[in-house]
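Visitor: Quick one: this structure, given as structure tokens, is what I'll be asking you about.
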Amino acid sequence: MPTAIAATAAYRNKVATAAATGDALPKAAWLAFGSGDAPYSPDVDTALQAEFLRVATSNEVSGPSLTVRGVLSGQAAGENIVREVAVIAADGTLMGRRVVAPKELEPETEIEFEIVFEY
């Protein structure tokens with residue numbers, strides 16, 4: 001079962017600004033994959049440590065939870081080893097990041113990743 005992660009300070013600022021001004025929030029648009037293994041620091045992270053690919057997301061809201069999913073194929077990953085996964089908003093803001101156990105994919109395989117945010 002997925003565990004919710006904290007949104008980055010940059011995205012929390014966008015939420016606060018939208019609540020204060022009525023502006024729209026950018027959509028969770030991309031699941032990004034990288035090979036970096038630095039621990040997640042939501043108060044300072046603004047990007048993946050070593051991004052190599054982005055895929056479009058599917059998003060689902062249930063109560064106060066936002067689940068963001070994306071599928072990574074082995075063919076798209078190539079020789080890269082996945083060590084970090086992040087949600088990127090349509091405006092390029094890093095919403096959140098997760099460091100995972102290293103994953104190598106065979107060309108004919110695919111894996112679905114999901115990141116959950118609690119609001």
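Order determines the names: the first chain of the structure tokens is A, the second B, and so forth; residues in each chain are numbered 1 upward, and ligands are numbered 1 upward as they are shown.
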Need the shell around Ala56 (chain A): protein/DNA/RNA residues with any atom at most 12 Å away, counting only C-alpha atoms. Skip same-chain ones fewer than 5 positions apart. Format as a VMD selection string?

Guide: chain A and resid 27 to 33 68 to 72 86 to 90 112 to 113

Visitor: Skipping near chain neighbours, those fewer than 3 positions away, what residues fall within 10 Å of Pro39 (chain A) using only C-alpha atoms, listed as JSON, numbers by chain?

Guide: {"A": [36, 42, 45, 49, 84, 97, 98, 99, 100]}

Visitor: When you look at region 2-15 of chain A with a cut-off of 9 Å (counting only C-alpha atoms), what residues show up, excluding the ones that are within fewer than 3 positions of it in the same chain? I need them as a VMD selection string.

Guide: chain A and resid 18 to 20 24 to 26 41 to 46 65 67 89 93 to 98 114 to 118

Visitor: Just to be explicit: take each residue in the selection above, keep N, CA and C atoms, and write the result as an mmCIF file, in the first residue's frame.

Guide:
```cif
data_model
loop_
_atom_site.group_PDB
_atom_site.id
_atom_site.type_symbol
_atom_site.label_atom_id
_atom_site.label_comp_id
_atom_site.auth_asym_id
_atom_site.auth_seq_id
_atom_site.Cartn_x
_atom_site.Cartn_y
_atom_site.Cartn_z
ATOM 1 N N ALA A 18 -2.850 30.098 -4.161
ATOM 2 C CA ALA A 18 -4.137 29.861 -4.823
ATOM 3 C C ALA A 18 -5.293 30.057 -3.846
ATOM 4 N N ALA A 19 -5.117 29.598 -2.608
ATOM 5 C CA ALA A 19 -6.165 29.780 -1.605
ATOM 6 C C ALA A 19 -6.381 31.255 -1.292
ATOM 7 N N ALA A 20 -5.310 32.033 -1.315
ATOM 8 C CA ALA A 20 -5.405 33.457 -0.995
ATOM 9 C C ALA A 20 -5.924 34.295 -2.150
ATOM 10 N N ALA A 24 -5.707 29.429 -10.154
ATOM 11 C CA ALA A 24 -5.756 27.982 -10.359
ATOM 12 C C ALA A 24 -4.405 27.354 -10.033
ATOM 13 N N LEU A 25 -4.452 26.115 -9.575
ATOM 14 C CA LEU A 25 -3.223 25.351 -9.352
ATOM 15 C C LEU A 25 -2.849 24.612 -10.627
ATOM 16 N N PRO A 26 -1.559 24.451 -10.906
ATOM 17 C CA PRO A 26 -1.159 23.669 -12.071
ATOM 18 C C PRO A 26 -1.429 22.184 -11.834
ATOM 19 N N SER A 41 14.032 15.807 0.537
ATOM 20 C CA SER A 41 13.970 16.950 1.448
ATOM 21 C C SER A 41 12.912 17.914 0.927
ATOM 22 N N PRO A 42 11.648 17.747 1.327
ATOM 23 C CA PRO A 42 10.575 18.552 0.743
ATOM 24 C C PRO A 42 10.723 20.050 0.946
ATOM 25 N N ASP A 43 11.453 20.462 1.956
ATOM 26 C CA ASP A 43 11.611 21.899 2.183
ATOM 27 C C ASP A 43 12.651 22.547 1.277
ATOM 28 N N VAL A 44 13.505 21.738 0.624
ATOM 29 C CA VAL A 44 14.546 22.318 -0.229
ATOM 30 C C VAL A 44 14.589 21.751 -1.648
ATOM 31 N N ASP A 45 14.068 20.550 -1.875
ATOM 32 C CA ASP A 45 14.133 19.955 -3.216
ATOM 33 C C ASP A 45 13.320 20.767 -4.221
ATOM 34 N N THR A 46 13.893 20.982 -5.401
ATOM 35 C CA THR A 46 13.189 21.668 -6.488
ATOM 36 C C THR A 46 13.226 20.873 -7.781
ATOM 37 N N SER A 65 -7.118 12.820 -0.643
ATOM 38 C CA SER A 65 -5.931 12.192 -1.243
ATOM 39 C C SER A 65 -5.893 12.374 -2.749
ATOM 40 N N THR A 67 -3.855 10.708 -5.860
ATOM 41 C CA THR A 67 -2.968 9.631 -6.294
ATOM 42 C C THR A 67 -2.549 9.918 -7.723
ATOM 43 N N ALA A 89 4.442 19.254 -11.762
ATOM 44 C CA ALA A 89 3.237 19.975 -12.180
ATOM 45 C C ALA A 89 3.409 20.486 -13.609
ATOM 46 N N THR A 93 6.852 22.803 -11.673
ATOM 47 C CA THR A 93 7.134 22.751 -10.238
ATOM 48 C C THR A 93 7.209 21.305 -9.757
ATOM 49 N N LEU A 94 8.246 20.987 -8.994
ATOM 50 C CA LEU A 94 8.342 19.683 -8.347
ATOM 51 C C LEU A 94 7.306 19.630 -7.233
ATOM 52 N N MET A 95 6.355 18.707 -7.348
ATOM 53 C CA MET A 95 5.324 18.569 -6.323
ATOM 54 C C MET A 95 5.790 17.678 -5.178
ATOM 55 N N GLY A 96 6.511 16.624 -5.504
ATOM 56 C CA GLY A 96 7.002 15.689 -4.499
ATOM 57 C C GLY A 96 7.919 14.673 -5.144
ATOM 58 N N ARG A 97 8.724 14.023 -4.313
ATOM 59 C CA ARG A 97 9.744 13.099 -4.809
ATOM 60 C C ARG A 97 9.852 11.920 -3.858
ATOM 61 N N ARG A 98 10.125 10.763 -4.400
ATOM 62 C CA ARG A 98 10.340 9.566 -3.583
ATOM 63 C C ARG A 98 11.605 8.871 -4.067
ATOM 64 N N GLU A 114 3.184 4.919 -8.327
ATOM 65 C CA GLU A 114 2.192 5.889 -7.862
ATOM 66 C C GLU A 114 2.738 6.626 -6.655
ATOM 67 N N ILE A 115 2.371 7.888 -6.610
ATOM 68 C CA ILE A 115 2.717 8.746 -5.479
ATOM 69 C C ILE A 115 1.415 9.352 -4.970
ATOM 70 N N VAL A 116 1.237 9.309 -3.655
ATOM 71 C CA VAL A 116 0.008 9.792 -3.028
ATOM 72 C C VAL A 116 0.327 11.021 -2.181
ATOM 73 N N PHE A 117 -0.505 12.036 -2.333
ATOM 74 C CA PHE A 117 -0.421 13.246 -1.517
ATOM 75 C C PHE A 117 -1.689 13.329 -0.676
ATOM 76 N N GLU A 118 -1.557 13.675 0.589
ATOM 77 C CA GLU A 118 -2.702 13.899 1.482
ATOM 78 C C GLU A 118 -2.831 15.401 1.717
#
```

Visitor: Could you tell me, as a ChimeraX atom specification, which residues of chain A DSSP assigns to strand (DSSP E) when given the backbone?

Guide: /A:4-5,28-34,51-56,58-62,65-73,82-89,94-103,110-118

Visitor: Can you measure CA of Asp91 (chain A) to CA of Lys103 (chain A) for me? One decimal in Å is fine.

Guide: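 These two atoms are separated by 28.0 Å.
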
Visitor: In Å, with one decimal, what is the gap from CA of Leu48 (chain A) to CA of Val85 (chain A)?

Guide: 7.8 Å

Visitor: Might you pull out every residue within 10 Å of Ala101 (chain A), with only C-alpha atoms counted and same-chain residues fewer than 5 positions away left off, and present them as a list in words?

Guide: Asp37, Ile81, Val82, Arg83 and Glu84 of chain A

Visitor: Measure the distance from CA of Thr17 (chain A) to CA of Glu51 (chain A) in Å and round it to one decimal.

Guide: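 Between CA of Thr17 (chain A) and CA of Glu51 (chain A) the gap is 27.7 Å.
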
Visitor: May I ask which of the residues A:Gly22, A:Ala16, A:Ser35, A:Leu53 is the closest one to Glu104 (chain A), counting only C-alpha atoms?

Guide: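 Of A:Gly22, A:Ala16, A:Ser35, A:Leu53, the one nearest Glu104 (chain A) is A:Ser35, counting only C-alpha atoms.
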
Visitor: Point out the residue among A:Thr21, A:Thr57, A:Gly63, A:Thr109 with the least atom-to-atom distance to Ala77 (chain A), counting only C-alpha atoms.

Guide: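 Closest candidate: A:Thr109.
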
Visitor: Looking only at the backbone, which of the residues in chain A does DSSP tag as helix (DSSP H, G or I), as a PyMOL selection string?

Guide: chain A and resi 9-21+74-77

Visitor: Using only C-alpha atoms, which protein or nucleic acid residues come within 8 Å of Glu108 (chain A)? Drop anything in the same chain fewer than 2 positions from it, and give the result as an MDAnalysis selection string.

Guide: chainID A and resid 73:75 106 110

Visitor: Kindly save the residues from that selection, with C-alpha atoms included, as a compact mmCIF listing (two decimals), in the first residue's frame.

Guide:
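Generated file (part.txt):
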```txt
# COMPACT_ATOMS: atom_id res chain seq x y z
CA SER A 73 8.49 0.81 -19.82
CA GLY A 74 11.82 -0.95 -19.92
CA GLN A 75 12.28 0.25 -23.47
CA GLU A 106 14.14 -5.43 -19.09
CA GLU A 110 6.90 -2.12 -17.57
```
